[in-house]
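The next block is target.cif, given as mmCIF, C-alpha atoms and all ligand atoms.
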data_final
#
loop_
_atom_site.label_atom_id
_atom_site.label_comp_id
_atom_site.auth_asym_id
_atom_site.auth_seq_id
_atom_site.Cartn_x
_atom_site.Cartn_y
_atom_site.Cartn_z
CA MET L 1 0.00 0.00 0.00
CA GLN L 2 1.20 3.51 -0.80
CA HIS L 3 2.02 5.72 2.24
CA ARG L 4 2.40 9.47 2.25
CA LEU L 5 4.50 11.44 4.67
CA GLY L 6 4.07 14.98 5.96
CA ILE L 7 7.05 16.53 7.76
CA ILE L 8 6.94 18.90 10.73
CA GLY L 9 10.21 20.82 11.00
CA TYR L 10 11.94 20.85 7.61
CA GLY L 11 15.50 21.37 8.88
CA GLY L 12 18.72 19.44 8.43
CA MET L 13 17.44 16.02 9.45
CA ALA L 14 14.10 16.35 7.68
CA GLY L 15 15.90 17.07 4.42
CA TRP L 16 17.84 13.86 4.97
CA HIS L 17 14.60 11.89 5.55
CA HIS L 18 13.10 13.43 2.41
CA ASP L 19 16.10 12.62 0.21
CA ASN L 20 16.54 9.10 1.53
CA SER L 21 12.84 8.23 1.55
CA LYS L 22 12.99 8.27 -2.24
CA ARG L 23 14.78 4.91 -1.99
CA VAL L 24 11.84 3.40 -0.09
CA GLU L 25 9.22 1.76 -2.28
CA ASN L 26 5.63 2.89 -1.63
CA LEU L 27 6.68 5.92 0.43
CA GLU L 28 6.27 9.45 -0.78
CA CYS L 29 7.04 12.69 1.06
CA VAL L 30 4.36 15.18 0.13
CA ALA L 31 4.15 18.09 2.58
CA ALA L 32 6.01 20.14 5.16
CA TYR L 33 5.15 22.51 7.98
CA ASP L 34 7.82 24.73 9.55
CA ILE L 35 7.86 28.00 11.46
CA ASP L 36 10.73 29.24 9.30
CA PRO L 37 9.65 30.55 5.85
CA GLU L 38 13.16 29.96 4.48
CA ARG L 39 12.94 26.26 5.27
CA LEU L 40 9.47 26.11 3.71
CA ALA L 41 10.87 27.70 0.55
CA VAL L 42 13.47 24.91 0.43
CA ALA L 43 10.74 22.29 0.93
CA GLU L 44 8.65 23.81 -1.89
CA LYS L 45 11.66 23.88 -4.18
CA LYS L 46 12.10 20.18 -3.51
CA GLY L 47 8.52 19.47 -4.52
CA LEU L 48 6.66 19.45 -1.19
CA LYS L 49 3.44 21.30 -0.46
CA SER L 50 4.29 23.76 2.28
CA PHE L 51 2.14 24.94 5.17
CA THR L 52 2.71 27.91 7.46
CA SER L 53 0.14 26.77 10.02
CA LEU L 54 0.05 23.50 11.93
CA ASP L 55 -3.75 23.42 11.94
CA GLU L 56 -3.91 23.81 8.19
CA PHE L 57 -1.15 21.23 7.67
CA LEU L 58 -3.09 18.69 9.72
CA ALA L 59 -6.51 19.63 8.32
CA LYS L 60 -5.61 19.83 4.63
CA GLY L 61 -2.43 17.79 4.24
CA ASP L 62 -2.87 14.63 2.17
CA PHE L 63 -0.75 12.14 4.16
CA ASP L 64 -1.25 9.23 6.56
CA MET L 65 2.10 9.57 8.39
CA VAL L 66 3.84 12.48 10.05
CA LEU L 67 7.53 12.84 10.80
CA VAL L 68 8.31 15.19 13.71
CA ALA L 69 11.81 16.60 13.18
CA THR L 70 11.89 19.83 15.18
CA PRO L 71 14.15 20.64 18.15
CA ASN L 72 13.44 18.19 20.96
CA ASN L 73 11.31 20.40 23.22
CA PHE L 74 8.53 20.54 20.59
CA HIS L 75 8.31 16.81 19.87
CA LYS L 76 5.63 15.97 22.41
CA GLU L 77 3.06 18.60 21.54
CA LEU L 78 3.52 18.20 17.78
CA ALA L 79 3.46 14.40 17.83
CA ILE L 80 0.32 14.43 19.97
CA ALA L 81 -1.38 16.92 17.64
CA ALA L 82 -0.54 14.71 14.65
CA MET L 83 -1.79 11.56 16.39
CA ASN L 84 -4.99 13.34 17.44
CA SER L 85 -5.56 14.09 13.76
CA GLY L 86 -5.45 10.33 13.11
CA ARG L 87 -1.95 10.24 11.58
CA HIS L 88 0.72 7.66 12.36
CA VAL L 89 3.81 9.30 13.81
CA VAL L 90 7.54 8.81 13.40
CA CYS L 91 9.30 11.08 15.89
CA GLU L 92 12.95 12.03 15.77
CA LYS L 93 15.17 11.18 18.73
CA PRO L 94 15.33 11.93 21.59
CA VAL L 95 11.61 11.30 21.53
CA ALA L 96 10.82 13.85 24.24
CA MET L 97 12.19 15.79 27.20
CA SER L 98 11.29 13.19 29.86
CA SER L 99 9.84 9.71 30.34
CA GLN L 100 6.64 11.38 31.55
CA GLU L 101 6.25 13.21 28.23
CA LEU L 102 6.93 9.96 26.41
CA GLN L 103 4.21 8.23 28.41
CA GLU L 104 1.72 10.92 27.36
CA MET L 105 2.66 10.30 23.71
CA ILE L 106 2.28 6.53 24.10
CA ASP L 107 -1.13 7.01 25.76
CA VAL L 108 -2.41 9.11 22.85
CA SER L 109 -1.11 6.62 20.27
CA GLU L 110 -3.00 3.85 22.09
CA GLN L 111 -6.20 5.91 22.43
CA LYS L 112 -6.10 6.88 18.76
CA ARG L 113 -4.88 3.43 17.63
CA VAL L 114 -2.14 4.91 15.48
CA LEU L 115 1.41 3.74 15.02
CA PHE L 116 4.00 5.62 17.03
CA THR L 117 7.71 5.00 16.70
CA VAL L 118 11.02 6.80 17.04
CA HIS L 119 13.78 7.23 14.50
CA GLN L 120 16.47 5.22 16.29
CA ASN L 121 18.21 4.84 12.94
CA ARG L 122 21.56 3.93 14.44
CA ARG L 123 20.21 0.41 14.98
CA TRP L 124 21.03 0.09 11.26
CA ASP L 125 24.60 1.46 11.47
CA LYS L 126 27.19 -0.82 9.91
CA ASP L 127 29.65 -0.69 12.83
CA TYR L 128 26.82 -1.60 15.22
CA ARG L 129 25.60 -4.46 13.04
CA ILE L 130 29.15 -5.84 12.90
CA ILE L 131 29.55 -5.71 16.68
CA ARG L 132 26.17 -7.41 17.13
CA LYS L 133 27.15 -10.16 14.72
CA VAL L 134 30.47 -10.71 16.49
CA ILE L 135 28.73 -10.95 19.87
CA ASP L 136 25.62 -12.88 18.74
CA GLU L 137 27.74 -15.48 16.94
CA GLY L 138 30.03 -15.95 19.94
CA MET L 139 33.17 -14.79 18.09
CA VAL L 140 34.63 -13.35 21.32
CA GLY L 141 32.82 -15.77 23.64
CA LYS L 142 30.72 -14.35 26.44
CA PRO L 143 31.29 -10.59 26.60
CA TYR L 144 32.09 -9.13 30.00
CA THR L 145 32.73 -5.51 29.05
CA ILE L 146 31.61 -3.35 26.13
CA GLU L 147 32.91 0.11 25.29
CA SER L 148 31.06 2.32 22.83
CA ARG L 149 32.11 5.86 22.14
CA VAL L 150 31.87 8.78 19.79
CA HIS L 151 34.44 11.55 19.92
CA GLY L 152 34.36 14.91 18.18
CA SER L 153 37.21 17.40 18.41
CA GLY L 154 35.68 20.76 17.49
CA GLY L 155 34.42 21.60 20.96
CA VAL L 156 31.38 23.37 19.55
CA ILE L 157 27.76 22.33 19.92
CA HIS L 158 25.76 24.10 17.23
CA GLY L 159 22.42 25.93 17.50
CA TRP L 160 19.63 24.80 19.80
CA ARG L 161 21.58 21.72 20.91
CA ALA L 162 23.64 24.00 23.19
CA TYR L 163 20.59 24.99 25.26
CA LYS L 164 18.86 23.13 28.04
CA VAL L 165 15.38 24.45 27.21
CA ALA L 166 15.57 22.83 23.76
CA GLY L 167 16.68 19.46 25.15
CA GLY L 168 20.31 20.01 24.18
CA GLY L 169 23.45 18.26 25.37
CA MET L 170 25.24 15.13 24.31
CA LEU L 171 23.39 12.61 26.47
CA LEU L 172 20.11 13.44 24.75
CA ASP L 173 21.69 13.94 21.35
CA TRP L 174 24.16 11.07 20.87
CA GLY L 175 23.74 9.23 24.17
CA VAL L 176 20.21 8.23 23.22
CA HIS L 177 21.56 6.40 20.15
CA LEU L 178 24.45 4.68 21.90
CA ILE L 179 22.37 3.61 24.92
CA ASP L 180 19.61 2.38 22.59
CA GLN L 181 22.14 0.33 20.61
CA ILE L 182 23.46 -1.38 23.74
CA MET L 183 20.03 -2.01 25.29
CA TYR L 184 18.68 -3.37 21.99
CA MET L 185 21.64 -5.76 21.86
CA VAL L 186 21.80 -7.03 25.46
CA PRO L 187 18.67 -9.02 26.40
CA GLU L 188 18.93 -8.23 30.11
CA LYS L 189 17.74 -5.62 32.55
CA VAL L 190 19.99 -2.72 33.49
CA THR L 191 20.50 -2.78 37.28
CA ASN L 192 22.90 0.08 37.91
CA VAL L 193 23.79 3.37 36.24
CA PHE L 194 26.80 5.57 36.96
CA CYS L 195 27.43 8.74 34.99
CA ARG L 196 29.78 11.71 34.92
CA MET L 197 29.10 14.82 32.84
CA ASN L 198 31.10 17.89 31.91
CA SER L 199 30.37 21.21 30.29
CA ILE L 200 33.87 21.91 28.98
CA ARG L 201 33.07 24.53 26.35
CA THR L 202 29.27 24.65 26.39
CA PRO L 203 28.15 26.11 29.71
CA GLU L 204 24.47 25.10 29.73
CA VAL L 205 24.59 21.45 28.74
CA ASP L 206 26.79 18.38 28.85
CA ASP L 207 29.34 18.44 26.04
CA TYR L 208 31.02 15.34 27.48
CA PHE L 209 29.61 12.40 29.36
CA LYS L 210 30.69 8.94 30.36
CA THR L 211 28.32 6.36 31.77
CA VAL L 212 28.67 2.78 32.92
CA LEU L 213 25.55 0.60 32.71
CA THR L 214 25.60 -2.68 34.59
CA PHE L 215 23.33 -5.51 33.49
CA GLU L 216 21.80 -8.33 35.58
CA SER L 217 24.54 -10.82 34.66
CA GLY L 218 27.30 -8.38 35.68
CA LEU L 219 28.12 -7.45 32.07
CA HIS L 220 28.91 -3.76 31.95
CA ALA L 221 28.89 -1.25 29.13
CA GLN L 222 30.77 2.03 29.13
CA ILE L 223 29.35 4.68 26.83
CA GLU L 224 31.27 7.87 26.23
CA VAL L 225 30.47 10.90 24.10
CA GLY L 226 32.87 13.80 23.85
CA THR L 227 32.88 16.91 21.69
CA TYR L 228 36.39 18.05 22.59
CA CYS L 229 38.63 15.01 22.36
CA LEU L 230 41.64 15.80 20.22
CA ARG L 231 42.85 12.21 20.26
CA THR L 232 40.31 9.45 19.86
CA LEU L 233 39.89 5.81 20.87
CA PRO L 234 38.05 2.94 19.15
CA ARG L 235 34.35 3.40 18.37
CA TRP L 236 33.82 -0.11 19.81
CA TYR L 237 35.97 -2.25 22.08
CA VAL L 238 34.55 -5.46 23.50
CA ASN L 239 36.21 -8.11 25.62
CA GLY L 240 34.76 -11.59 25.95
CA ASP L 241 35.97 -14.75 27.60
CA VAL L 242 37.64 -16.00 24.41
CA GLY L 243 38.62 -12.85 22.58
CA SER L 244 38.48 -9.13 21.92
CA VAL L 245 37.06 -7.05 19.10
CA TYR L 246 37.57 -3.44 18.19
CA ILE L 247 36.26 -1.11 15.51
CA ASN L 248 37.92 2.21 14.80
CA GLY L 249 35.87 5.10 13.48
CA TRP L 250 33.12 5.22 10.89
CA ASP L 251 34.98 3.33 8.18
CA CYS L 252 34.61 0.13 10.24
CA ALA L 253 38.29 -0.74 10.27
CA GLY L 254 39.10 -3.20 13.02
CA GLY L 255 39.48 -6.83 13.84
CA ILE L 256 38.98 -9.73 16.19
CA VAL L 257 41.71 -11.26 18.29
CA HIS L 258 40.82 -14.75 19.34
CA ALA L 259 42.54 -16.80 22.05
CA LYS L 260 43.85 -20.10 20.65
CA LYS L 261 45.11 -21.33 24.00
CA LEU L 262 44.46 -20.51 27.64
CA ALA L 263 47.22 -18.76 29.54
CA THR L 264 47.78 -21.99 31.51
CA GLU L 265 48.80 -23.74 28.28
CA TRP L 266 52.16 -22.00 27.81
CA VAL L 267 54.95 -20.80 30.03
CA PRO L 268 54.53 -17.04 30.20
CA GLU L 269 57.49 -14.92 29.41
CA ILE L 270 58.50 -12.45 32.12
CA VAL L 271 58.62 -8.94 30.71
CA GLN L 272 61.09 -6.55 32.30
CA THR L 273 59.48 -3.13 32.39
CA ALA L 274 61.44 -0.09 33.54
CA ALA L 275 59.80 -0.35 36.94
CA GLY L 276 60.06 -4.11 37.37
CA PRO L 277 59.09 -7.53 35.96
CA THR L 278 55.55 -8.64 35.02
CA ARG L 279 54.06 -11.89 33.75
CA THR L 280 50.41 -10.85 34.02
CA MET L 281 50.80 -8.07 31.46
CA ALA L 282 53.18 -9.94 29.14
CA PRO L 283 51.90 -10.15 25.54
CA ARG L 284 50.52 -13.45 24.32
CA PRO L 285 52.89 -15.50 22.16
CA LYS L 286 51.88 -15.45 18.46
CA GLU L 287 50.83 -19.12 18.49
CA ALA L 288 48.35 -18.42 21.31
CA ILE L 289 46.27 -15.95 19.28
CA GLU L 290 44.39 -15.93 16.04
CA GLU L 291 43.62 -12.65 14.28
CA LEU L 292 40.38 -12.65 12.34
CA PRO L 293 38.83 -10.05 10.08
CA LEU L 294 35.55 -8.45 11.05
CA PRO L 295 32.52 -10.16 9.53
CA THR L 296 30.78 -8.41 6.66
CA VAL L 297 27.22 -7.19 7.07
CA GLU L 298 24.68 -5.65 4.76
CA THR L 299 22.57 -2.92 6.27
CA ASP L 300 20.31 -0.21 4.94
CA TRP L 301 18.87 2.75 6.81
CA ALA L 302 15.77 2.59 4.58
CA ASP L 303 14.81 -0.61 6.41
CA PHE L 304 13.55 1.65 9.21
CA TYR L 305 10.77 2.98 6.96
CA ARG L 306 10.29 -0.39 5.25
CA ASN L 307 9.54 -1.78 8.71
CA VAL L 308 7.14 1.05 9.55
CA MET L 309 5.24 0.44 6.33
CA GLY L 310 5.33 -3.32 6.84
CA VAL L 311 3.67 -2.76 10.23
CA LEU L 312 1.02 -0.45 8.74
CA ASP L 313 0.30 -3.08 6.10
CA GLY L 314 -0.01 -5.78 8.80
CA LYS L 315 3.03 -7.71 7.52
CA GLN L 316 5.75 -6.99 10.09
CA GLU L 317 6.35 -6.46 13.78
CA LEU L 318 7.49 -2.96 14.76
CA ILE L 319 11.27 -2.82 15.28
CA VAL L 320 11.59 0.40 17.33
CA LYS L 321 8.96 -0.21 19.99
CA PRO L 322 7.79 2.60 22.30
CA ALA L 323 8.42 0.36 25.33
CA GLU L 324 12.10 0.04 24.32
CA VAL L 325 12.35 3.80 23.85
CA MET L 326 10.90 4.19 27.36
CA ARG L 327 13.58 1.88 28.86
CA VAL L 328 16.30 3.97 27.24
CA PHE L 329 14.71 7.18 28.55
CA LYS L 330 14.60 5.79 32.08
CA VAL L 331 18.28 4.93 31.84
CA MET L 332 19.06 8.46 30.59
CA GLU L 333 17.14 9.90 33.52
CA ALA L 334 19.22 7.72 35.85
CA CYS L 335 22.34 9.11 34.10
CA PHE L 336 21.26 12.69 34.84
CA LYS L 337 20.53 11.75 38.44
CA SER L 338 23.87 10.00 38.87
CA ALA L 339 25.77 12.94 37.35
CA GLU L 340 23.95 15.34 39.66
CA THR L 341 24.38 13.35 42.88
CA GLY L 342 27.76 11.79 42.16
CA GLU L 343 26.27 8.42 43.18
CA ALA L 344 25.54 5.29 41.18
CA VAL L 345 21.79 4.82 40.73
CA ALA L 346 20.17 1.42 41.25
CA VAL L 347 17.52 0.70 38.62
CA SER L 348 15.58 -2.25 37.25
CA VAL L 349 14.88 -1.27 33.66
P1 LIG B 401 17.39 21.82 12.63
O1 LIG B 401 17.55 22.96 13.54
O2 LIG B 401 18.27 21.69 11.44
O3 LIG B 401 15.89 21.74 12.10
C1 LIG B 401 14.76 21.93 12.91
C2 LIG B 401 13.65 22.54 12.07
O4 LIG B 401 12.48 22.64 12.91
C3 LIG B 401 13.98 23.97 11.59
O5 LIG B 401 13.70 24.08 10.22
C4 LIG B 401 13.06 24.84 12.45
O6 LIG B 401 12.66 26.01 11.79
C5 LIG B 401 11.91 23.92 12.70
N1 LIG B 401 11.13 24.23 13.90
C6 LIG B 401 11.56 24.68 15.09
N2 LIG B 401 10.54 24.79 15.97
C7 LIG B 401 9.44 24.40 15.29
C8 LIG B 401 8.07 24.29 15.66
N3 LIG B 401 7.64 24.58 16.89
N4 LIG B 401 7.19 23.87 14.72
C9 LIG B 401 7.60 23.59 13.46
N5 LIG B 401 8.88 23.67 13.06
C10 LIG B 401 9.80 24.06 13.97
O7 LIG B 401 17.53 20.54 13.55
P2 LIG B 401 17.87 19.06 13.08
O8 LIG B 401 19.33 18.82 13.18
O9 LIG B 401 17.18 18.77 11.79
O10 LIG B 401 17.19 18.21 14.26
C11 LIG B 401 15.81 18.01 14.29
C12 LIG B 401 15.50 16.74 15.07
O11 LIG B 401 16.13 15.64 14.44
C13 LIG B 401 16.04 16.75 16.51
O12 LIG B 401 15.14 16.10 17.36
C14 LIG B 401 17.34 15.98 16.41
O13 LIG B 401 17.72 15.38 17.61
C15 LIG B 401 16.98 14.95 15.36
N6 LIG B 401 18.13 14.42 14.62
C16 LIG B 401 18.24 13.09 14.50
C17 LIG B 401 19.31 12.53 13.85
C18 LIG B 401 19.39 11.03 13.70
O14 LIG B 401 20.41 10.52 13.27
N7 LIG B 401 18.34 10.30 14.03
C19 LIG B 401 20.32 13.34 13.31
C20 LIG B 401 20.17 14.74 13.42
C21 LIG B 401 19.07 15.25 14.08
#
Please express what this file holds, its structure, as structure tokens.
Amino acid sequence: MQHRLGIIGYGGMAGWHHDNSKRVENLECVAAYDIDPERLAVAEKKGLKSFTSLDEFLAKGDFDMVLVATPNNFHKELAIAAMNSGRHVVCEKPVAMSSQELQEMIDVSEQKRVLFTVHQNRRWDKDYRIIRKVIDEGMVGKPYTIESRVHGSGGVIHGWRAYKVAGGGMLLDWGVHLIDQIMYMVPEKVTNVFCRMNSIRTPEVDDYFKTVLTFESGLHAQIEVGTYCLRTLPRWYVNGDVGSVYINGWDCAGGIVHAKKLATEWVPEIVQTAAGPTRTMAPRPKEAIEELPLPTVETDWADFYRNVMGVLDGKQELIVKPAEVMRVFKVMEACFKSAETGEAVAVSV
């Protein structure tokens, strides 16, 4: 069945949705509403019908789905207005300003019986899909620690993202993706959240944060987002009980190092460091490791919309479920609390 999309907030990300949606069969972007006439002129130029009023957009727009892609503080009211008009809603991330706002959005979607989902598109990132494959297929054994990070070096947070009132800061901006990726991958409850935040060059919001999430089994995941890191570290680094995997940067360079033998199966060399001898930190002999390439994966962002349309057509189960988005929001709220109090926060999410 053909689906038609109307966009609220035709800024940077909406333009990306519009351009990329052309690759999705049976999906057509048809209209846009924005408070900025310049953005509406761009939308018109790109073939969309533009609206200067939300009421008119919802009353006269010929679409069954709405994408909300405004700054974060407007998501709730706009998504609810669209759902009240009977439209299905895809909302950009972070879905809202709090778990309470999210609950209000979920309630309306249930009352109106419309689809409601969130654009957690980084579930389709190649680096993430590779890490999932490595872990799911046991290539490093049972993981005991996962590190996921994104580092920028400019030290500048642009536009509304630098302001608290708009839902700015790195936890809400990037953290929501990285936490979602980990929670979508690990089929366990989070039991403990510890977080530290800094405002190095952006006074109002966090421009650096580091959090450690602990899961029921004891597995822990460290997630770090920095905007002023002039030297970087791997995007992913995972240790399991039979190996390690790392991925550097967006080009997905990296590898797997697999243990061929246990440390008890050879006589460890004693390494003489400047400050004294060590066996524990001696490198493994070459014959005790196997270096493997990363597996290849095929992934396509457009599968997000293909899934949404498959759900509307009764053929697929929704991938980004509101209940999962809620779990992530509760963890982010625990991060804020931990950063504020300096304490780890016990949760059961
Ligand atoms: P942007 O500033 O480029 O665009 C926002 C647009 O919304 C602007 O055109 C602005 O005029 C319009 N707008 C502001 N208030 C409005 C209102 N009340 N009603 C209607 N229009 C309004 O911002 P952006 O980078 O496109 O981000 C928009 C959303 O997309 C944010 O929630 C952001 O977190 C999200 N985003 C997601 C990803 C992703 O990978 N999923 C990437 C970038 C941005």
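Interatomic distance, atom CA of L:Glu290 against atom CA of L:Lys261: 9.6 Å.
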Contacts of chain L with ligand LIG 401 (chain B) up to 6 Å, shortest pair per row, all atoms listed in the file, as JSON lines:
{"residue": "L:Ile8", "atom": "CA", "partner": "B:LIG401", "partner_atom": "C9", "distance": 5.5}
{"residue": "L:Gly9", "atom": "CA", "partner": "B:LIG401", "partner_atom": "O4", "distance": 3.5}
{"residue": "L:Tyr10", "atom": "CA", "partner": "B:LIG401", "partner_atom": "O5", "distance": 4.5}
{"residue": "L:Gly11", "atom": "CA", "partner": "B:LIG401", "partner_atom": "O3", "distance": 3.3}
{"residue": "L:Gly12", "atom": "CA", "partner": "B:LIG401", "partner_atom": "O9", "distance": 3.8}
{"residue": "L:Met13", "atom": "CA", "partner": "B:LIG401", "partner_atom": "O9", "distance": 3.6}
{"residue": "L:Ala14", "atom": "CA", "partner": "B:LIG401", "partner_atom": "O9", "distance": 5.7}
{"residue": "L:Asp34", "atom": "CA", "partner": "B:LIG401", "partner_atom": "N5", "distance": 3.8}
{"residue": "L:Ile35", "atom": "CA", "partner": "B:LIG401", "partner_atom": "N5", "distance": 4.7}
{"residue": "L:Asp36", "atom": "CA", "partner": "B:LIG401", "partner_atom": "O6", "distance": 4.5}
{"residue": "L:Arg39", "atom": "CA", "partner": "B:LIG401", "partner_atom": "O5", "distance": 5.5}
{"residue": "L:Ala69", "atom": "CA", "partner": "B:LIG401", "partner_atom": "C12", "distance": 4.1}
{"residue": "L:Thr70", "atom": "CA", "partner": "B:LIG401", "partner_atom": "O4", "distance": 3.7}
{"residue": "L:Pro71", "atom": "CA", "partner": "B:LIG401", "partner_atom": "C13", "distance": 4.6}
{"residue": "L:Asn72", "atom": "CA", "partner": "B:LIG401", "partner_atom": "O12", "distance": 4.5}
{"residue": "L:Phe74", "atom": "CA", "partner": "B:LIG401", "partner_atom": "N3", "distance": 5.6}
{"residue": "L:Glu92", "atom": "CA", "partner": "B:LIG401", "partner_atom": "O12", "distance": 4.9}
{"residue": "L:Lys93", "atom": "CA", "partner": "B:LIG401", "partner_atom": "O13", "distance": 5.0}
{"residue": "L:Pro94", "atom": "CA", "partner": "B:LIG401", "partner_atom": "O13", "distance": 5.8}
{"residue": "L:His119", "atom": "CA", "partner": "B:LIG401", "partner_atom": "N7", "distance": 5.5}
{"residue": "L:Gln120", "atom": "CA", "partner": "B:LIG401", "partner_atom": "N7", "distance": 5.9}
{"residue": "L:Asn121", "atom": "CA", "partner": "B:LIG401", "partner_atom": "N7", "distance": 5.6}
{"residue": "L:Asp173", "atom": "CA", "partner": "B:LIG401", "partner_atom": "O13", "distance": 5.6}
Could you please take those selected residues and save C-alpha atoms as a CSV table (one decimal), in the frame of the given file?
chain,number,residue,atom,x,y,z
L,8,ILE,CA,6.9,18.9,10.7
L,9,GLY,CA,10.2,20.8,11.0
L,10,TYR,CA,11.9,20.8,7.6
L,11,GLY,CA,15.5,21.4,8.9
L,12,GLY,CA,18.7,19.4,8.4
L,13,MET,CA,17.4,16.0,9.4
L,14,ALA,CA,14.1,16.4,7.7
L,34,ASP,CA,7.8,24.7,9.6
L,35,ILE,CA,7.9,28.0,11.5
L,36,ASP,CA,10.7,29.2,9.3
L,39,ARG,CA,12.9,26.3,5.3
L,69,ALA,CA,11.8,16.6,13.2
L,70,THR,CA,11.9,19.8,15.2
L,71,PRO,CA,14.2,20.6,18.2
L,72,ASN,CA,13.4,18.2,21.0
L,74,PHE,CA,8.5,20.5,20.6
L,92,GLU,CA,13.0,12.0,15.8
L,93,LYS,CA,15.2,11.2,18.7
L,94,PRO,CA,15.3,11.9,21.6
L,119,HIS,CA,13.8,7.2,14.5
L,120,GLN,CA,16.5,5.2,16.3
L,121,ASN,CA,18.2,4.8,12.9
L,173,ASP,CA,21.7,13.9,21.4
Select from stretch 261-347 of chain L every residue with an atom at most 8 Å from any atom of stretch 129-145 of chain L, then for each give the shortest pair of atoms and their distance in Å to one decimal, using only C-alpha atoms, rows by chain and rising number, as CSV.
residue,atom,partner,partner_atom,distance
L:Leu294,CA,L:Ile130,CA,7.2
L:Pro295,CA,L:Ile130,CA,6.4
L:Thr296,CA,L:Ile130,CA,6.9
L:Val297,CA,L:Ile130,CA,6.3
L:Thr299,CA,L:Arg129,CA,7.6
**Message:** Here is a test: counting all atoms listed in the file, which residue of L:Met332, L:Leu115, L:Ile146, L:Ile157 is nearest to L:Glu317?
**Reply:** L:Leu115
**Request:** Could you please determine the separation between atom CA of L:Phe194 and atom CA of L:Phe336 in Å, to one decimal place?
**Result:** 9.3 Å
